[in-house]
Structure formats: structure tokens, C-alpha cells
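Trainee: Take a look at the following structure, please.
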Amino acid sequence: MPDTTASSAPSSAFADLDAFTALPRVSGLALSHDGTRLVTTVATLTPDRTRWRGALWEVDPVGGRPARRLTRGAAAESSPVFTPDGTLLFTSARPDPQAPATDDPPAALWALPPTGEARCVAARPGGVCGPRTARTSAAVVVASPTLPGADDSTEGPTSDAARREAREDAKVSAVLHAGYPVRYWDADLGPDEPRWLTLDLPADTPAGARDEVRWRDLTPAPGRRFDEASAALVPDGSALVTTENVAGPGGSQRTRLVVLDRADGSVRALADDPGREFTSPSVSPDGRWVAAVAESLSTPTSPPTLRLVLVPLDGSAAPRDVVPGWEVWGTGTPQWGPGSDALFLAVDDHGRAPVHRVDVADGSVRRLSTDDGAYSDLQVAPDGTAVYAVRSAVDAPPAVVRLDASRPGDPVVLPGPAPRPELPGTLTEVSTTAADGAEVRAWLCLPADAGPEHPAPLLLWIHGGPLSSWNAWSWRWNPWLAVARGYAVLLPDPGLSTGYGAQFLARGWGAWGAEPYTDLMAVTDAALERDDLDPERTAAMGGSFGGYVANWVAGHTNRFRAIVTHASLFALEQFGATTDAAHYWEREMTPAMVAANDPAAHAANIVTPMLVIHGDKDYRVPVGEALRLWWVLNRQWTGDPADLPHRFLHFPDENHWVLTPRHAVLWYETVFAFLAAHVHGVPFRTPELLR
């Protein structure tokens with residue numbers, strides 16, 4: 001049921017898009033090794049309101065003191081992590097006062113001691129990201145994009161800096177690929193390659209001085225092996241357990257776990273299974289075990305499964321499922337208890353993502369969080385008594401909380417840097433039984449004044465993924481902005497949604513136009529039986545896979561007054577080979593599946609006004625999908641071109657999401673103007689900056 005934690009920010013934040021955009025955004029969590037300090041990242045608008053900029057804030061683990069800001073850099077700070085002596089490491093592109101000035105410095109590694117000012121530890125021409133620290137040593141490992149052929153030198157023709165300068169001087173941006181993939185989400189892969197670099201932090205550095213350290217390159221010729229890698233240092237820092245991409249025949253790819261020796265860079269396979277991929281490794285405090293998430297490779301008839309696995313660090317045994325048959329969708333990196341006998345993780349579960357404690361010896365599972373929250377970024381206290389996490393929910397933005405690590409209970413919300421905004425409505429649930437007997441449920445966000453005398457128009461919002469769930473707060477698709485404008489918003493989890501078991505997920509596998517669609521129509525019908533909703537004023541919206549379903553809906557029913565389709569799949573035979581991970585989709589999208597589930601095949605039936613939205617930098621769902629849909633909508637319109645009911649909102653420099661603040665505001669302004677025109681019949685009002 002809805003979260004009832006007290007609020008302190010006015011509801012006007014949802015009525016005013018600029019005010020909503022200015023709300024602070026909490027993400028990530030780092031706990032010091034002694035358990036006395038807890039640090040999170042808070043993103044706020046820059047003074048010109050064109051970017052969000054992260055800063056580090058400290059939250060009192062006990063909850064007695066208010067949160068305090070730690071950093072105020074001119075550039076964003078992120079990826080906080082503690083060293084054993086209490087130093088806080090983070091990455092930032094803020095100017096280094098000890099280095100020559102540059103117009104656009106890359107992100108470097110910075111250190112903030114328990115007392116004193118932050119200092120730059122070390123930089124790289126391509127920047128650094130994701131620092132990892134050891135439990136009992138000064139070892140640090142980072143990832144750094146580096147051009148092929150560059151060595152450890154800091155200057156000279158073979159250095160990374162010299163190679164970058166040569167390309168820049170020649171105005172060369174071309175990349176010659178020798179394999180697949182070549183893109184990822186919104187990034188063109190290459191010419192630089194992520195390498196693992198390491199250093200040992202010096203014991204003492206005078207205030208204001210620069211550390212005299214140099215990076216050691218552990219992976220001098222990585223190719224694309226460590227793209228988007230997840231990793232963890234062993235407790236003494238002698239080795240790094242990391243994911244490694246393995247290229248296969250026919251353009252395929254999977255990930256395995258390897259152990260990378262910090263002394264000589266040698267690589268040892270740890271978990272390598274042709275039928276599974278391994279991610280999110282976490283090393284036990286005693287250094288004996290590695291916990292990870294194993295995902296089975298899907299087939300045209302079988303969706304993937306996600307399991308929590310355990311493998312001995314010495315490689316003496318194969319990975320074993322800790323809890324046989326338990327699906328762990330939505331989890332991040334599993335976190336160890338201090339005794340190396342328990343693991344803590346949050347898992348999708350019926351529109352929530354509660355925290356669980358797992359006994360590694362017998363596989364017993366205990367749910368710790370008893371509320372409706374979705375938890376992430378877990379950190380376990382060194383004495384094992386508490387679990388800290390970032391908690392959000394459909395009706396609550398992210399906040400830092402504490403849970404009892406030994407027994408179920410509600411979270412304790414710690415005094416944080418961002419007040420919780422007052423919502424303009426209430427949250428409830430709707431459920432129904434599908435034709436095949438499966439229960440289909442949804443969250444329903446209602447305006448405060450909705451009732452039999454004033455039934456609210458209904459917006460059906462379809463989640464992406466498709467292996468996903470509506471269970472957490474969203475800044476990009478925030479239903480309360482629509483609620484503040486008088487709409488009710490239905491957030492269903494149809495077939496293919498996670499958190500309902502493997503069988504529920506499998507109902508829509510290879511049959512996207514079947515159960516996902518019929519489930520959505522069934523739960524919409526159930527919601528519209530309420531007397532506080534208006535069945536005559538409805539619209540549907542979806543993004544990514546949700547956009548696919550929106551396109552499918554448009555070709556199969558005219559029950560909605562308007563449809564918004566964002567970053568959507570439209571022509572499956574085109575999408576499959578042009579997305580950034582064709583090898584993944586090819587496992588499911590056989591020619592027969594494409595023929596049976598292709599929205600483009602039913603485009604002639606579209607009569608509902610559609611708002612098509614797409615970013616040109618979207619490589620997951622290339623913009624060609626939107627261009628093809630937009631052409632079809634125009635080609636099929638036989639009336640006066642001036643009366644075309646459809647619109648196309650195109651962002652030339654945005655990706656799968658719309659990430660810059662002003663574009664996010666324009667996104668919402670356009671969506672609400674389009675809905676108002678077709679749901680309420682008012683004239684369409686083009687946003688000011690788009691006129």
C-alpha cells in the first residue's frame with residue numbers, strides 16, 4: 001500500500017515543471033569501513049538550469065544529525081568509495097589546482113581525507129571511473145578509456161595523451177571496427193578501450209600537495225573485453241574479480257568472471273559457462289567466496305533466468321545456485337555480511353523490491369523490508385546489525401534508510417539532503433484475472449479530487465524493458481506530474497514483467513503482441529470499473545518496449561483518444577539487426593516471432609492520434625524506428641495536411657532517455673499539450689521553445 005512517511009516539500013513541485021526539475025535527486029551509497037560515515041550523491045540543477053550536477057553529502061547512520069554537504073566542485077562528483085583509513089575517494093572533472101589549466105578536463109580520481117580539503121590523486125587523458133578499494137590495503141583500481149597501443153608513459157609519442165592529441169589535431173573521429181558490437185545505448189564504442197588501472201594510495205600526503213603516484217596498467221591490450229564491466233577487489237587488494245566479455249561465433253557475446261592478478265596482470269577464469277552470463281561479483285570478507293548474478297542465455301521459447309550464485313575464489317568448484325529456483329530480477333551487486341555467512345540483496349517482488357537476507361550455507365531466505373519500497377545500493381554495517389540502502393517507491397523519491405539486518409521491519413528514514421515532496425494525490429492497487437488465470441496487478445495514481453462527481457481521465461502507462469516492473473520512483477516517467485494535471489495514471493505489470501515468477505514472465509516470451517497486450521487491456525478494464533475514473537477519456541503511453549506495445553495498441557484498438565510512443569520499436573525486422581545488441585534480441589526474435597508480433601504489419605489500422613518521440617542518439621532503439629512510423633502516419637493521412645492529428649517530437653542530441661533538464665521539461669510540456677488536445681478537446685498549444 002502507499003508509503004506514509006511525512007513530507008516536507010510543497011505539492012506545487014508537481015504542478016510546476018520547473019519546480020519539479022529543480023528537486024534534488026539522491027542516488028548511490030557508500031559506507032566507511034568502520035561504519036560511522038555514510039555518503040550519498042545528490043544531483044541539483046546548475047545555475048543556468050541546463051545540467052544536473054552531483055555533489056557528495058554525508059548522512060548520519062545513527063540518524064541524529066542532519067545531512068551535511070561534503071563537496072562543492074564546479075564539476076559533478078560521483079562514485080564515492082571509502083578506503084580503510086577513512087579517506088573518501090570519488091571522481092570529478094573539477095580543475096586540479098596542482099595541474100596545468102585545461103578547458104575540458106576529464107574526470108580524475110580525488111581523495112577527501114577525514115579532515116582537510118579534497119586533493120586530486122591521479123588523472124588520465126581519457127578520464128577514470130568507478131574506483132574500487134580493498135578492505136585491508138591501500139589498493140585502488142579504476143577503469144579508464146585508453147587508445148590502443150598507448151603505454152604507461154605520461155608523455156611522448158606512445159602515450160595516450162599524444163595519441164589523442166594527434167587524432168584531435170587531424171580532426172579524425174573515425175573508428176575501424178574488427179568485431180561486434182560497435183555501440184552501446186548512446187555511446188559509440190572506440191577507438192579507446194576500457195582498461196583496468198591500479199595504484200596504491202600513499203600513507204601520508206601533506207595538505208595541498210599532490211600525491212606522487214602513477215597508474216599501473218593491468219590490461220594493456222583489452223580490446224572490448226571490459227566494456228561495461230562490473231568488478232570487485234579481493235579483501236587484501238591482491239586481485240580483481242571482474243566480468244569479461246567473450247566474443248562468440250555469429251556476432252554473439254556473453255560475459256564470464258575472471259580473476260585479474262594485481263601484481264602481474266595475469267588472468268584466470270573463475271566462472272565460464274557457455275549457457276550463462278555472470279555479472280555483479282562481490283567477494284566475501286574472508287576472501288574465500290565470490291557471489292554473483294548468473295543469467296541464462298535465452299532461446300526463442302525460453303526467457304532468461306537470473307540466479308544468485310556462489311563460486312570459491314580459488315576456482316576449486318563450479319558456481320552453485322545459492323537458492324535453487326529463486327529469480328533475482330532487479331538486484332544490484334549482492335552485499336556480504338561481515339561474517340561471510342550471509343548475503344543481502346533487493347529483488348523485484350509484485351511491484352516492490354524488498355531487501356532479503358540469504359544464508360549461504362542452507363539457502364534460506366528472510367525478507368527484511370516489510371513495506372512497499374524498492375531498495376538499491378545496499379551497504380551492510382561492519383558489525384552486521386544494520387543494512388543501509390537507498391529506498392524509493394512509486395509514491396516516494398529516493399532516500400537513505402536503515403533496516404535491521406536480522407529481522408523484518410519497516411525502514412528508518414535517515415535525515416537526508418532532499419526533502420520529500422508532498423504528492424498531489426494518492427496511490428492504490430488494481431488487480432484482475434487474465435483469461436489464462438494469471439493475476440495481473442497495477443499501481444493506480446489518483447488525483448486528490450477524483451470521485452464519482454469528478455471522475456478522472458485515465459492514462460495507461462506501459463513500462464519498458466520488457467523484463468521490468470513498475471516498482472520504484474521515476475524522474476523521467478513521473479506519474480505525479482500527470483496526477484497534478486487531473487489525470488489518473490495506471491501502472492500495470494503485464495506478462496513479461498519481473499517479480500511474479502518465471503511462469504508469469506514466460507507468458508509473453510516470444511509473444512509480445514499476446515499476453516502483454518491482453519493483460520494490459522484486462523487490467524485497464526478492471527480499473528475503469530471504478531466510479532472515480534472516466535471510461536470515455538483515456539489515453540495510452542509507453543517508452544522503449546512500452547512504446548512497442550503502444551504501437552501495437554494503436555494497430556489493434558481505437559479505444560484510446562491518444563497514444564504517446566517514446567523511443568519505440570515499430571518494425572521488428574528492421575530493429576533486430578540495427579539495435580546495439582542484436583545478438584541478444586536474435587535469441588528470441590525468430591522470423592516467425594517477428595511476423596506474428598510486428599506493429600508495422602498492422603499500421604494500416606491506426607486511427608488514434610499519436611505523438612511519436614525519439615532521440616537521434618538512441619542506439620538501443622535506433623531513430624529509424626520513429627522515422628518509419630512517422631512516414632507511415634503521414635502517408636496514411638488522406639485529409640488536409642494542416643489537420644494531421646499526429647506529432648513527432650525529435651531530439652537530435654538526446655538518447656534513449658531525455659536527460660538534459662530543459663529537454664525533459666519540453667518532453668512533459670509536449671506530452672501534456674498533446675493529451676489535452678485529444679483527451680479534453682482543447683486546442684493544441686505548442687511549447688514556447690518549440691514554436
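Chain labels follow the order of the C-alpha cells: the first chain is A, the next B, and so on; residue numbering restarts at 1 in every chain, and ligands are counted from 1 in their shown order.
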Find the residues around Gly332 of chain A up to 10 Å (only C-alpha atoms counted), leave out those fewer than 5 positions away in its own chain, and share them as a list in words.
Mentor: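 Non-adjacent residues within range: Thr279, Ser280, Pro281, Ala292, Val293, Leu345, Ala346, Val347, Tyr375, Ser376, Asp377 and Leu378 of chain A.
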Trainee: Any chance you could list, as number ranges by chain, the residues in segment 130-325 of chain A that come up strand (DSSP E) when DSSP is run on the backbone?
Mentor: A: 130-133, 139-146, 183-184, 187-188, 193-200, 216-217, 231-233, 239-247, 253-261, 267-271, 276-283, 289-296, 306-312, 320-321
Trainee: If we count only C-alpha atoms, what is near Ala93 of chain A at a cut-off of 12 Å, once residues fewer than 4 positions away on the same chain are taken out, given as a ChimeraX atom specification?
Mentor: /A:53-54,73-78,97,102-110,120,122-129
Trainee: Please return, as a list of chain:residue names, all residues of segment 355-508 of chain A that DSSP assigns to helix (DSSP H, G or I) on the basis of the backbone.
Mentor: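 The residues of segment 355-508 of chain A classed as helix (DSSP H, G or I) are A:Pro479, A:Trp480, A:Leu481, A:Ala482, A:Val483, A:Ala502, A:Gln503, A:Phe504, A:Leu505, A:Ala506.
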Trainee: Under the rule that only C-alpha atoms are counted, which of A:Ala442, A:Ala434, A:Ala626, A:Ile462 is the nearest residue to Arg507 of chain A?
Mentor: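 With only C-alpha atoms as the atom set, the closest residue is A:Ala434.
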